[in-house]
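Below is one structure, written out as structure tokens; comments come after it.
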Amino acid sequence: MSNPVPALDPRRWKALAFIALAQLMVVLDGTIVNIALPSAQHDLGISDANRQWVVTAYALAFGGLLLFGGRISDRWGRRRAFMIGLVGFAAASALGGAAVNPGMLLGARALQGAFGAILAPAALSLLTVMFTQPKERAKAFGIYGAISGGGAAIGLILGGVLTEYANWRWTMFVNVFFALVAMAGAVLVIKEPEGARHSTRLDIPGIVLAGAGLASLVYGFNKAETAGWSATSTLGFIIAAVVLLAAFVVVQSRSASPLLPLRVVLDRNRGGAYLTIGISVVGMFGAFLFLTYYLQVVLHYTPMTSGFAFLPMVAGMMLGATQVAVRLLPKVPARFLMAPGAFIAAGAMLILTQISADGSYATHVLPALVMLGFGMGLVFMPAMNLATLGVQRQDAGVASAMVSTSQQIGGAIGTSLLSTIANSATAHYATSHAAGVRSASGAASLQSAAMVHGFSIAFGVAAGLLTLAGLSAALLVNARPLGGHQPTSSNSGANANSNANADGNAATEAEPTAPTLVH
């Protein structure tokens, strides 16, 4: 028995603008504070030992609560969760901007992460239920994917401008303006289709296990960056994360109303999309971290100039996602975009392995950033489309949360793993070349050369990770292009999903969305 196809919301494209703005606010907040951190540390008297918590507090709350935030979106309604997330995020940002001591700033950052964990899944799941036509879905996810991938670079630009010409506090206050505009859109433009809520009770054991497991994993990798991988604290938190997440999987397989229905992640294409996004972000975050240091410490760029130096990457990402991927997604299999995109990004990292202490921006950095952005645009757009394709409307929030979880966990792992590799390579280079130093200028030159050597090694590892991401897309994602409307009945939707997945996994009720390719 067929279900009627919901009428398309005539204001959906206006709604996309406000949803994308909210997503930009959440994504850029992961990096906008980084450039402002030295100023904030000096102003509030934050110790060197505690300064990492300005970043970690946000990451812990955001990563630990994402799945819970996704399910809240399914239960309360995406529009309502979207508005609650906006108000909370804006209030937390204002609190952080007005901070008078370290504790107030750290608390505000944790609140930002908590409300961001509600806002991010609500934003993506709104797109999932509002854009149900293949070509329109491709365009909407192309824009959203470009913003999700380029938001971190935009954060570096905006953070540099605000820190240099205003005050570090404005890196927090600026979110209030973003939230006000997005809230106006939520009230006046955004409407959620009826019948898309999840009415079952909350899975409390799942919430506790998932939140504790993800937070422990994020914190463990953060500890690795400062204490080392062999430290008892690092291993303890990572082992605890593995145990907690394994228990979470067991509980989900037996729960009548699971927080994360395993059918969401066991679908071959969705699982492949989550994995590809996660591995890609591991490699991409290395570029942000090390290039920021290279530009400012080695090439002596100002914070604002180094921020603007990332613009070519944003332009490349917009080109790859909104011009190339959007046009090809309805016509070719998703892996034909995702795998080459990851390989192009890996090539960009290989170019960056050639940087030198006396190099220039135009020689290696500029072409690598354009390639990295273009490649990631080809990866993110179809991957985000696939990540919610074919899920029941009632599970759209938690499926969307898995996208953000992949990005968050990938970012935490990438920052810690690549930093450890770079620091080790730098120390080894400095030690092995110390005998030839005869003057203070020679010591300074050795320090720069050692730092650049460490960055080069890390870029090489990032290239390998991005190659692995391309292989995961090529081998796991097998969705066919879908240029027409997806069947709307439960059975036909399930059959279509089964056909799109060679292993027949996750025969879930497909929403009347025609995944442009399978997202």
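By convention in this document, the chains of the structure tokens carry letters A, B, ... by their order, each chain's residues are numbered from 1, and ligands are numbered from 1 in the order they are shown.
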
Env of Leu465 of chain A: 10 Å cut, atoms = only C-alpha atoms, seq-sep filter 4 positions within chain, self excluded. Answer as a PyMOL selection string.
chain A and resi 279-284+342-343+346+414+459-461+469-471

Among segment 6-97 of chain A, which ones does DSSP assign to helix (DSSP H, G or I) (computed from the backbone)? Answer as a VMD selection string.
chain A and resid 12 to 44 53 to 76 78 to 97

From the list A:Ala227, A:Ala345, A:Leu319, A:Ala383, which residue is nearest Ala287 of chain A when using only C-alpha atoms?
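Looking at the shortest contact to Ala287 of chain A, the residue is A:Ala345.
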
Find the residues around Asn101 of chain A up to 8 Å (only C-alpha atoms counted), leave out those fewer than 3 positions away in its own chain, and share them as a CSV table (one decimal) with N, CA and C atoms, in the first residue's frame.
chain,number,residue,atom,x,y,z
A,44,LEU,N,43.0,36.2,30.5
A,44,LEU,CA,42.3,35.5,31.7
A,44,LEU,C,43.3,34.8,32.6
A,45,GLY,N,44.5,34.8,32.3
A,45,GLY,CA,45.5,34.2,33.1
A,45,GLY,C,45.4,32.6,33.1
A,104,MET,N,35.0,30.2,33.9
A,104,MET,CA,33.8,30.7,33.2
A,104,MET,C,33.9,30.4,31.7
A,105,LEU,N,35.1,30.6,31.2
A,105,LEU,CA,35.3,30.4,29.7
A,105,LEU,C,35.2,28.9,29.4

Could you check the closest approach to Gly155 of chain A for each of A:Ile32, A:Leu21, A:Ala92, A:Leu66 and tell me which residue wins, using only C-alpha atoms?
A:Ile32

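Among the candidate residues A:Thr276, A:Ser257, A:Ser406, A:Thr431, the one lying nearest to Gly63 of chain A is A:Ser406, with distances computed using only C-alpha atoms.
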
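Ranking A:Thr234, A:Thr467, A:Asn222, A:Gln296 by their shortest atom-to-atom distance to Gly411 of chain A, with only C-alpha atoms included, puts A:Asn222 first.
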
Go through segment 308-406 of chain A and flag each residue having an atom no more than 9 Å from segment 71-79 of chain A; for those, report the closest pair of atoms plus their distance in Å to one decimal, using only C-alpha atoms, ordered by chain and rising number, as CSV.
residue,atom,partner,partner_atom,distance
A:Arg393,CA,A:Asp74,CA,8.3
A:Gln394,CA,A:Asp74,CA,5.8
A:Asp395,CA,A:Asp74,CA,6.4
A:Ala396,CA,A:Asp74,CA,6.9
A:Gly397,CA,A:Asp74,CA,5.2
A:Val398,CA,A:Arg71,CA,5.2
A:Ala399,CA,A:Arg71,CA,9.0
A:Ala401,CA,A:Arg71,CA,8.3

Could you write out the selected residues, including C-alpha atoms, as a tab-separated table (two decimals), in the first residue's frame?
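File part_31.tsv, as written:
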chain	number	residue	atom	x	y	z
A	393	ARG	CA	12.22	9.52	8.78
A	394	GLN	CA	12.05	8.75	12.50
A	395	ASP	CA	15.78	7.88	12.47
A	396	ALA	CA	16.94	10.85	10.38
A	397	GLY	CA	18.26	12.73	13.42
A	398	VAL	CA	20.44	9.95	14.78
A	399	ALA	CA	21.66	9.07	11.27
A	401	ALA	CA	24.35	12.66	14.21

Selection: 12 Å around Gly96 of chain A, only C-alpha atoms, excl. self and same-chain fewer than 5 positions, as a tab-separated table (two decimals) with N, CA and C atoms, in the first residue's frame:
chain	number	residue	atom	x	y	z
A	33	VAL	N	38.35	29.70	17.69
A	33	VAL	CA	38.94	30.03	18.98
A	33	VAL	C	40.43	29.71	19.01
A	40	ALA	N	43.38	35.07	24.63
A	40	ALA	CA	42.48	34.72	25.73
A	40	ALA	C	43.27	34.19	26.92
A	44	LEU	N	42.96	36.18	30.54
A	44	LEU	CA	42.30	35.54	31.67
A	44	LEU	C	43.27	34.82	32.61
A	54	VAL	N	40.35	24.80	26.66
A	54	VAL	CA	39.47	25.70	25.91
A	54	VAL	C	38.97	25.01	24.64
A	58	TYR	N	35.03	21.87	24.58
A	58	TYR	CA	34.05	21.90	23.48
A	58	TYR	C	33.98	20.54	22.79
A	89	PHE	N	23.29	27.67	22.05
A	89	PHE	CA	24.63	27.95	21.53
A	89	PHE	C	24.94	29.43	21.62
A	90	ALA	N	23.96	30.26	21.29
A	90	ALA	CA	24.16	31.71	21.36
A	90	ALA	C	24.40	32.16	22.80
A	91	ALA	N	23.60	31.63	23.73
A	91	ALA	CA	23.76	32.01	25.13
A	91	ALA	C	25.12	31.59	25.67
A	101	ASN	N	37.09	34.79	34.10
A	101	ASN	CA	38.09	33.89	34.66
A	101	ASN	C	38.12	32.62	33.83
A	102	PRO	N	39.15	31.79	33.98
A	102	PRO	CA	39.26	30.57	33.17
A	102	PRO	C	38.08	29.63	33.32
A	103	GLY	N	37.58	29.45	34.56
A	103	GLY	CA	36.47	28.54	34.77
A	103	GLY	C	35.23	28.93	34.00
A	104	MET	N	34.95	30.23	33.92
A	104	MET	CA	33.78	30.72	33.20
A	104	MET	C	33.92	30.44	31.70
A	105	LEU	N	35.10	30.63	31.16
A	105	LEU	CA	35.32	30.37	29.73
A	105	LEU	C	35.21	28.88	29.43
A	106	LEU	N	35.82	28.05	30.27
A	106	LEU	CA	35.77	26.61	30.03
A	106	LEU	C	34.35	26.07	30.14
A	107	GLY	N	33.60	26.57	31.11
A	107	GLY	CA	32.21	26.15	31.24
A	107	GLY	C	31.38	26.55	30.02
A	108	ALA	N	31.63	27.76	29.53
A	108	ALA	CA	30.91	28.22	28.34
A	108	ALA	C	31.24	27.37	27.12
A	109	ARG	N	32.51	26.97	26.99
A	109	ARG	CA	32.89	26.14	25.86
A	109	ARG	C	32.22	24.77	25.93
A	110	ALA	N	32.11	24.21	27.14
A	110	ALA	CA	31.41	22.93	27.29
A	110	ALA	C	29.94	23.07	26.93
A	111	LEU	N	29.31	24.17	27.34
A	111	LEU	CA	27.90	24.41	26.99
A	111	LEU	C	27.74	24.57	25.49
A	112	GLN	N	28.69	25.27	24.84
A	112	GLN	CA	28.64	25.38	23.39
A	112	GLN	C	28.64	23.99	22.74
A	168	TRP	N	39.74	39.07	21.20
A	168	TRP	CA	39.49	37.64	21.19
A	168	TRP	C	38.05	37.32	21.58
A	169	ARG	N	37.44	38.16	22.40
A	169	ARG	CA	36.07	37.91	22.87
A	169	ARG	C	35.07	37.88	21.70
A	170	TRP	N	35.39	38.58	20.62
A	170	TRP	CA	34.48	38.62	19.49
A	170	TRP	C	34.45	37.30	18.71
A	171	THR	N	35.44	36.44	18.94
A	171	THR	CA	35.35	35.11	18.34
A	171	THR	C	34.23	34.30	18.97
A	172	MET	N	33.79	34.72	20.16
A	172	MET	CA	32.64	34.11	20.82
A	172	MET	C	31.37	34.90	20.53
A	173	PHE	N	31.45	36.23	20.67
A	173	PHE	CA	30.27	37.07	20.49
A	173	PHE	C	29.68	36.97	19.08
A	174	VAL	N	30.52	36.72	18.09
A	174	VAL	CA	30.04	36.69	16.71
A	174	VAL	C	28.98	35.61	16.50
A	175	ASN	N	29.03	34.56	17.32
A	175	ASN	CA	28.03	33.50	17.19
A	175	ASN	C	26.63	33.97	17.52
A	176	VAL	N	26.53	34.98	18.38
A	176	VAL	CA	25.20	35.51	18.72
A	176	VAL	C	24.52	36.06	17.48

Write out as a ChimeraX atom specification each polymer residue whose atoms come within 8 Å of Ser253 of chain A, counting only C-alpha atoms; drop sequence neighbours fewer than 5 positions from it.
/A:258,261-262

Need the shell around Arg270 of chain A: protein/DNA/RNA residues with any atom at most 10 Å away, counting only C-alpha atoms. Skip same-chain ones fewer than 3 positions apart. Format as an mmCIF file with all heavy atoms, in the first residue's frame?
data_model
loop_
_atom_site.group_PDB
_atom_site.id
_atom_site.type_symbol
_atom_site.label_atom_id
_atom_site.label_comp_id
_atom_site.auth_asym_id
_atom_site.auth_seq_id
_atom_site.Cartn_x
_atom_site.Cartn_y
_atom_site.Cartn_z
ATOM 1 N N ARG A 263 20.751 -0.923 12.243
ATOM 2 C CA ARG A 263 20.481 -0.918 10.800
ATOM 3 C C ARG A 263 20.976 0.370 10.135
ATOM 4 O O ARG A 263 21.259 0.399 8.939
ATOM 5 C CB ARG A 263 18.976 -1.078 10.548
ATOM 6 C CG ARG A 263 18.133 0.062 11.111
ATOM 7 C CD ARG A 263 16.639 -0.131 10.811
ATOM 8 N NE ARG A 263 15.840 0.943 11.393
ATOM 9 C CZ ARG A 263 15.304 0.893 12.614
ATOM 10 N NH1 ARG A 263 15.493 -0.188 13.364
ATOM 11 N NH2 ARG A 263 14.594 1.896 13.077
ATOM 12 N N VAL A 264 21.083 1.435 10.924
ATOM 13 C CA VAL A 264 21.544 2.708 10.374
ATOM 14 C C VAL A 264 22.997 2.615 9.924
ATOM 15 O O VAL A 264 23.367 3.113 8.863
ATOM 16 C CB VAL A 264 21.368 3.841 11.411
ATOM 17 C CG1 VAL A 264 22.027 5.132 10.922
ATOM 18 C CG2 VAL A 264 19.888 4.086 11.698
ATOM 19 N N VAL A 265 23.835 1.963 10.732
ATOM 20 C CA VAL A 265 25.262 1.921 10.425
ATOM 21 C C VAL A 265 25.685 0.652 9.696
ATOM 22 O O VAL A 265 26.757 0.622 9.069
ATOM 23 C CB VAL A 265 26.108 2.066 11.711
ATOM 24 C CG1 VAL A 265 25.921 3.445 12.297
ATOM 25 C CG2 VAL A 265 25.738 1.009 12.737
ATOM 26 N N LEU A 266 24.864 -0.402 9.756
ATOM 27 C CA LEU A 266 25.241 -1.647 9.096
ATOM 28 C C LEU A 266 24.911 -1.646 7.607
ATOM 29 O O LEU A 266 25.379 -2.522 6.875
ATOM 30 C CB LEU A 266 24.554 -2.836 9.775
ATOM 31 C CG LEU A 266 25.038 -3.137 11.201
ATOM 32 C CD1 LEU A 266 24.292 -4.336 11.765
ATOM 33 C CD2 LEU A 266 26.540 -3.366 11.234
ATOM 34 N N ASP A 267 24.121 -0.686 7.172
ATOM 35 C CA ASP A 267 23.907 -0.533 5.738
ATOM 36 C C ASP A 267 25.258 -0.262 5.078
ATOM 37 O O ASP A 267 26.039 0.586 5.544
ATOM 38 C CB ASP A 267 22.951 0.638 5.484
ATOM 39 C CG ASP A 267 22.792 0.932 4.014
ATOM 40 O OD1 ASP A 267 21.907 0.343 3.394
ATOM 41 O OD2 ASP A 267 23.577 1.752 3.490
ATOM 42 N N ALA A 273 30.036 5.501 3.988
ATOM 43 C CA ALA A 273 30.077 6.970 3.996
ATOM 44 C C ALA A 273 30.624 7.485 5.327
ATOM 45 O O ALA A 273 31.475 8.381 5.360
ATOM 46 C CB ALA A 273 28.680 7.537 3.751
ATOM 47 N N TYR A 274 30.134 6.921 6.444
ATOM 48 C CA TYR A 274 30.629 7.346 7.757
ATOM 49 C C TYR A 274 32.130 7.109 7.878
ATOM 50 O O TYR A 274 32.876 7.968 8.369
ATOM 51 C CB TYR A 274 29.908 6.576 8.874
ATOM 52 C CG TYR A 274 28.426 6.818 8.963
ATOM 53 C CD1 TYR A 274 27.547 5.774 9.258
ATOM 54 C CD2 TYR A 274 27.886 8.084 8.759
ATOM 55 C CE1 TYR A 274 26.179 5.984 9.348
ATOM 56 C CE2 TYR A 274 26.513 8.303 8.843
ATOM 57 C CZ TYR A 274 25.666 7.241 9.134
ATOM 58 O OH TYR A 274 24.315 7.449 9.225
ATOM 59 N N LEU A 275 32.577 5.928 7.448
ATOM 60 C CA LEU A 275 33.994 5.584 7.554
ATOM 61 C C LEU A 275 34.849 6.499 6.682
ATOM 62 O O LEU A 275 35.901 6.978 7.110
ATOM 63 C CB LEU A 275 34.208 4.119 7.158
ATOM 64 C CG LEU A 275 35.639 3.587 7.270
ATOM 65 C CD1 LEU A 275 36.118 3.651 8.709
ATOM 66 C CD2 LEU A 275 35.726 2.153 6.739
ATOM 67 N N THR A 276 34.394 6.756 5.469
ATOM 68 C CA THR A 276 35.154 7.609 4.552
ATOM 69 C C THR A 276 35.260 9.029 5.094
ATOM 70 O O THR A 276 36.329 9.650 5.041
ATOM 71 C CB THR A 276 34.497 7.616 3.165
ATOM 72 O OG1 THR A 276 34.450 6.282 2.653
ATOM 73 C CG2 THR A 276 35.293 8.491 2.200
ATOM 74 N N ALA A 383 29.108 11.826 0.237
ATOM 75 C CA ALA A 383 29.129 11.061 1.487
ATOM 76 C C ALA A 383 28.017 11.513 2.415
ATOM 77 O O ALA A 383 27.339 10.689 3.048
ATOM 78 C CB ALA A 383 30.481 11.213 2.171
ATOM 79 N N MET A 384 27.786 12.807 2.523
ATOM 80 C CA MET A 384 26.713 13.297 3.386
ATOM 81 C C MET A 384 25.347 12.965 2.807
ATOM 82 O O MET A 384 24.381 12.749 3.547
ATOM 83 C CB MET A 384 26.863 14.801 3.606
ATOM 84 C CG MET A 384 28.032 15.143 4.499
ATOM 85 S SD MET A 384 28.091 16.876 4.920
ATOM 86 C CE MET A 384 29.400 16.840 6.157
ATOM 87 N N ASN A 385 25.267 12.930 1.496
ATOM 88 C CA ASN A 385 24.020 12.518 0.853
ATOM 89 C C ASN A 385 23.727 11.056 1.175
ATOM 90 O O ASN A 385 22.612 10.693 1.548
ATOM 91 C CB ASN A 385 24.151 12.740 -0.655
ATOM 92 C CG ASN A 385 22.830 12.574 -1.378
ATOM 93 O OD1 ASN A 385 21.786 12.367 -0.760
ATOM 94 N ND2 ASN A 385 22.869 12.656 -2.692
ATOM 95 N N LEU A 386 24.749 10.216 1.086
ATOM 96 C CA LEU A 386 24.587 8.788 1.353
ATOM 97 C C LEU A 386 24.301 8.496 2.821
ATOM 98 O O LEU A 386 23.614 7.538 3.151
ATOM 99 C CB LEU A 386 25.866 8.036 0.960
ATOM 100 C CG LEU A 386 26.097 7.763 -0.521
ATOM 101 C CD1 LEU A 386 27.480 7.167 -0.730
ATOM 102 C CD2 LEU A 386 25.054 6.822 -1.057
ATOM 103 N N ALA A 387 24.830 9.306 3.713
ATOM 104 C CA ALA A 387 24.774 9.004 5.138
ATOM 105 C C ALA A 387 23.367 8.997 5.709
ATOM 106 O O ALA A 387 23.137 8.423 6.769
ATOM 107 C CB ALA A 387 25.638 10.002 5.910
ATOM 108 N N THR A 388 22.426 9.639 5.038
ATOM 109 C CA THR A 388 21.034 9.608 5.519
ATOM 110 C C THR A 388 20.096 9.012 4.485
ATOM 111 O O THR A 388 18.876 9.062 4.651
ATOM 112 C CB THR A 388 20.551 11.026 5.874
ATOM 113 O OG1 THR A 388 20.739 11.895 4.766
ATOM 114 C CG2 THR A 388 21.303 11.572 7.072
ATOM 115 N N LEU A 389 20.644 8.458 3.456
ATOM 116 C CA LEU A 389 19.803 7.919 2.387
ATOM 117 C C LEU A 389 19.104 6.634 2.812
ATOM 118 O O LEU A 389 19.720 5.728 3.348
ATOM 119 C CB LEU A 389 20.648 7.629 1.160
ATOM 120 C CG LEU A 389 19.814 7.145 -0.027
ATOM 121 C CD1 LEU A 389 18.926 8.241 -0.559
ATOM 122 C CD2 LEU A 389 20.703 6.638 -1.120
ATOM 123 N N GLY A 390 17.810 6.576 2.603
ATOM 124 C CA GLY A 390 17.068 5.356 2.856
ATOM 125 C C GLY A 390 16.722 5.112 4.307
ATOM 126 O O GLY A 390 16.099 4.104 4.617
ATOM 127 N N VAL A 391 17.086 6.018 5.217
ATOM 128 C CA VAL A 391 16.724 5.806 6.619
ATOM 129 C C VAL A 391 15.262 6.160 6.832
ATOM 130 O O VAL A 391 14.679 6.949 6.092
ATOM 131 C CB VAL A 391 17.586 6.660 7.577
ATOM 132 C CG1 VAL A 391 19.036 6.278 7.482
ATOM 133 C CG2 VAL A 391 17.395 8.144 7.305
ATOM 134 N N ALA A 399 20.810 9.338 12.426
ATOM 135 C CA ALA A 399 21.664 9.065 11.269
ATOM 136 C C ALA A 399 22.502 10.294 10.932
ATOM 137 O O ALA A 399 23.686 10.188 10.583
ATOM 138 C CB ALA A 399 20.812 8.660 10.067
ATOM 139 N N MET A 402 25.416 10.687 13.262
ATOM 140 C CA MET A 402 26.567 9.843 12.959
ATOM 141 C C MET A 402 27.535 10.545 12.010
ATOM 142 O O MET A 402 28.745 10.291 12.059
ATOM 143 C CB MET A 402 26.095 8.524 12.343
ATOM 144 C CG MET A 402 25.667 7.486 13.364
ATOM 145 S SD MET A 402 27.010 7.038 14.504
ATOM 146 C CE MET A 402 28.241 6.404 13.358
ATOM 147 N N VAL A 403 27.023 11.427 11.141
ATOM 148 C CA VAL A 403 27.902 12.194 10.262
ATOM 149 C C VAL A 403 28.794 13.104 11.105
ATOM 150 O O VAL A 403 30.023 13.137 10.946
ATOM 151 C CB VAL A 403 27.086 13.032 9.260
ATOM 152 C CG1 VAL A 403 28.017 13.881 8.400
ATOM 153 C CG2 VAL A 403 26.231 12.138 8.381
ATOM 154 N N LEU A 476 33.672 -0.111 -0.340
ATOM 155 C CA LEU A 476 32.473 -0.285 0.469
ATOM 156 C C LEU A 476 31.220 0.324 -0.146
ATOM 157 O O LEU A 476 30.125 -0.213 -0.013
ATOM 158 C CB LEU A 476 32.700 0.309 1.867
ATOM 159 C CG LEU A 476 33.754 -0.374 2.734
ATOM 160 C CD1 LEU A 476 33.892 0.356 4.071
ATOM 161 C CD2 LEU A 476 33.382 -1.842 2.967
ATOM 162 N N VAL A 477 31.369 1.471 -0.785
ATOM 163 C CA VAL A 477 30.206 2.173 -1.338
ATOM 164 C C VAL A 477 29.884 1.610 -2.712
ATOM 165 O O VAL A 477 30.719 1.666 -3.621
ATOM 166 C CB VAL A 477 30.476 3.693 -1.425
ATOM 167 C CG1 VAL A 477 29.307 4.405 -2.084
ATOM 168 C CG2 VAL A 477 30.737 4.262 -0.032
ATOM 169 N N ALA A 479 26.522 2.106 -4.127
ATOM 170 C CA ALA A 479 25.237 2.661 -4.545
ATOM 171 C C ALA A 479 25.280 3.096 -6.000
ATOM 172 O O ALA A 479 26.272 3.641 -6.474
ATOM 173 C CB ALA A 479 24.877 3.848 -3.659
ATOM 174 N N ASN A 501 22.196 -1.737 -2.368
ATOM 175 C CA ASN A 501 23.213 -2.298 -1.506
ATOM 176 C C ASN A 501 23.381 -3.770 -1.838
ATOM 177 O O ASN A 501 22.510 -4.582 -1.597
ATOM 178 C CB ASN A 501 22.817 -2.165 -0.037
ATOM 179 C CG ASN A 501 22.717 -0.713 0.370
ATOM 180 O OD1 ASN A 501 23.713 -0.082 0.650
ATOM 181 N ND2 ASN A 501 21.507 -0.176 0.384
ATOM 182 N N ALA A 506 20.248 -3.575 5.895
ATOM 183 C CA ALA A 506 19.413 -2.446 6.249
ATOM 184 C C ALA A 506 18.246 -2.243 5.348
ATOM 185 O O ALA A 506 18.108 -1.225 4.699
ATOM 186 C CB ALA A 506 20.251 -1.177 6.280
ATOM 187 N N VAL A 518 22.789 8.198 -3.363
ATOM 188 C CA VAL A 518 22.773 7.405 -2.228
ATOM 189 C C VAL A 518 23.642 8.099 -1.306
ATOM 190 O O VAL A 518 24.774 8.229 -1.485
ATOM 191 C CB VAL A 518 23.419 6.079 -2.400
ATOM 192 C CG1 VAL A 518 23.265 5.374 -1.118
ATOM 193 C CG2 VAL A 518 22.791 5.364 -3.513
ATOM 194 N N HIS A 519 23.153 8.422 -0.278
ATOM 195 C CA HIS A 519 23.932 9.224 0.591
ATOM 196 C C HIS A 519 24.321 8.465 1.762
ATOM 197 O O HIS A 519 24.283 8.785 2.787
ATOM 198 C CB HIS A 519 23.062 10.324 0.949
ATOM 199 C CG HIS A 519 23.578 11.058 2.037
ATOM 200 N ND1 HIS A 519 24.450 12.080 1.989
ATOM 201 C CD2 HIS A 519 23.326 10.971 3.297
ATOM 202 C CE1 HIS A 519 24.654 12.583 3.117
ATOM 203 N NE2 HIS A 519 23.997 11.937 3.927
#

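Relative to atom CA of Ala240 of chain A, atom CA of Gly211 of chain A is found at 12.2 Å.
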
Close residues, Val242 of chain A itself excluded, 12 Å, only C-alpha atoms, min 4 positions apart in chain, as a count of residues only:
18

Tell me which of A:Ile35, A:Val27, A:Met349, A:Leu158 sits closest to Tyr293 of chain A, counting only C-alpha atoms.
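Checking each candidate against Tyr293 of chain A, we get A:Ile35 as the closest.
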
Residues of segment 180-297 of chain A at most 9 Å from segment 119-143 of chain A: nearest atom pair and distance in Å, only C-alpha atoms, as a Markdown table:
| residue | atom | partner | partner_atom | distance |
| --- | --- | --- | --- | --- |
| A:Ile190 | CA | A:Leu126 | CA | 8.7 |
| A:Lys191 | CA | A:Met130 | CA | 8.4 |
| A:Glu192 | CA | A:Leu126 | CA | 7.0 |
| A:Pro193 | CA | A:Val129 | CA | 6.9 |
| A:Ala196 | CA | A:Val129 | CA | 7.9 |

Next, dump the selected residues to file, keeping only N, CA, C and O atoms, as a compact mmCIF listing (two decimals), in the first residue's frame.
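Saved the output as part38.txt:
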# COMPACT_ATOMS: atom_id res chain seq x y z
N ILE A 190 11.51 27.98 8.09
CA ILE A 190 11.69 26.53 8.21
C ILE A 190 10.43 25.86 8.75
O ILE A 190 9.91 26.23 9.80
N LYS A 191 9.95 24.88 8.00
CA LYS A 191 8.81 24.07 8.43
C LYS A 191 9.18 22.60 8.26
O LYS A 191 9.70 22.19 7.23
N GLU A 192 8.91 21.82 9.29
CA GLU A 192 9.24 20.40 9.25
C GLU A 192 8.05 19.59 8.78
O GLU A 192 6.93 19.81 9.24
N PRO A 193 8.25 18.65 7.84
CA PRO A 193 7.15 17.80 7.37
C PRO A 193 6.53 17.03 8.53
O PRO A 193 7.19 16.68 9.50
N ALA A 196 7.27 12.81 11.08
CA ALA A 196 8.67 12.41 11.01
C ALA A 196 9.30 12.22 12.39
O ALA A 196 10.50 12.10 12.50

Using only C-alpha atoms, which of A:Ala412, A:Ala152, A:Ala99, A:Leu329 sits nearest Phe310 of chain A?
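Going through A:Ala412, A:Ala152, A:Ala99, A:Leu329 one by one, the smallest distance to Phe310 of chain A is for A:Ala152.
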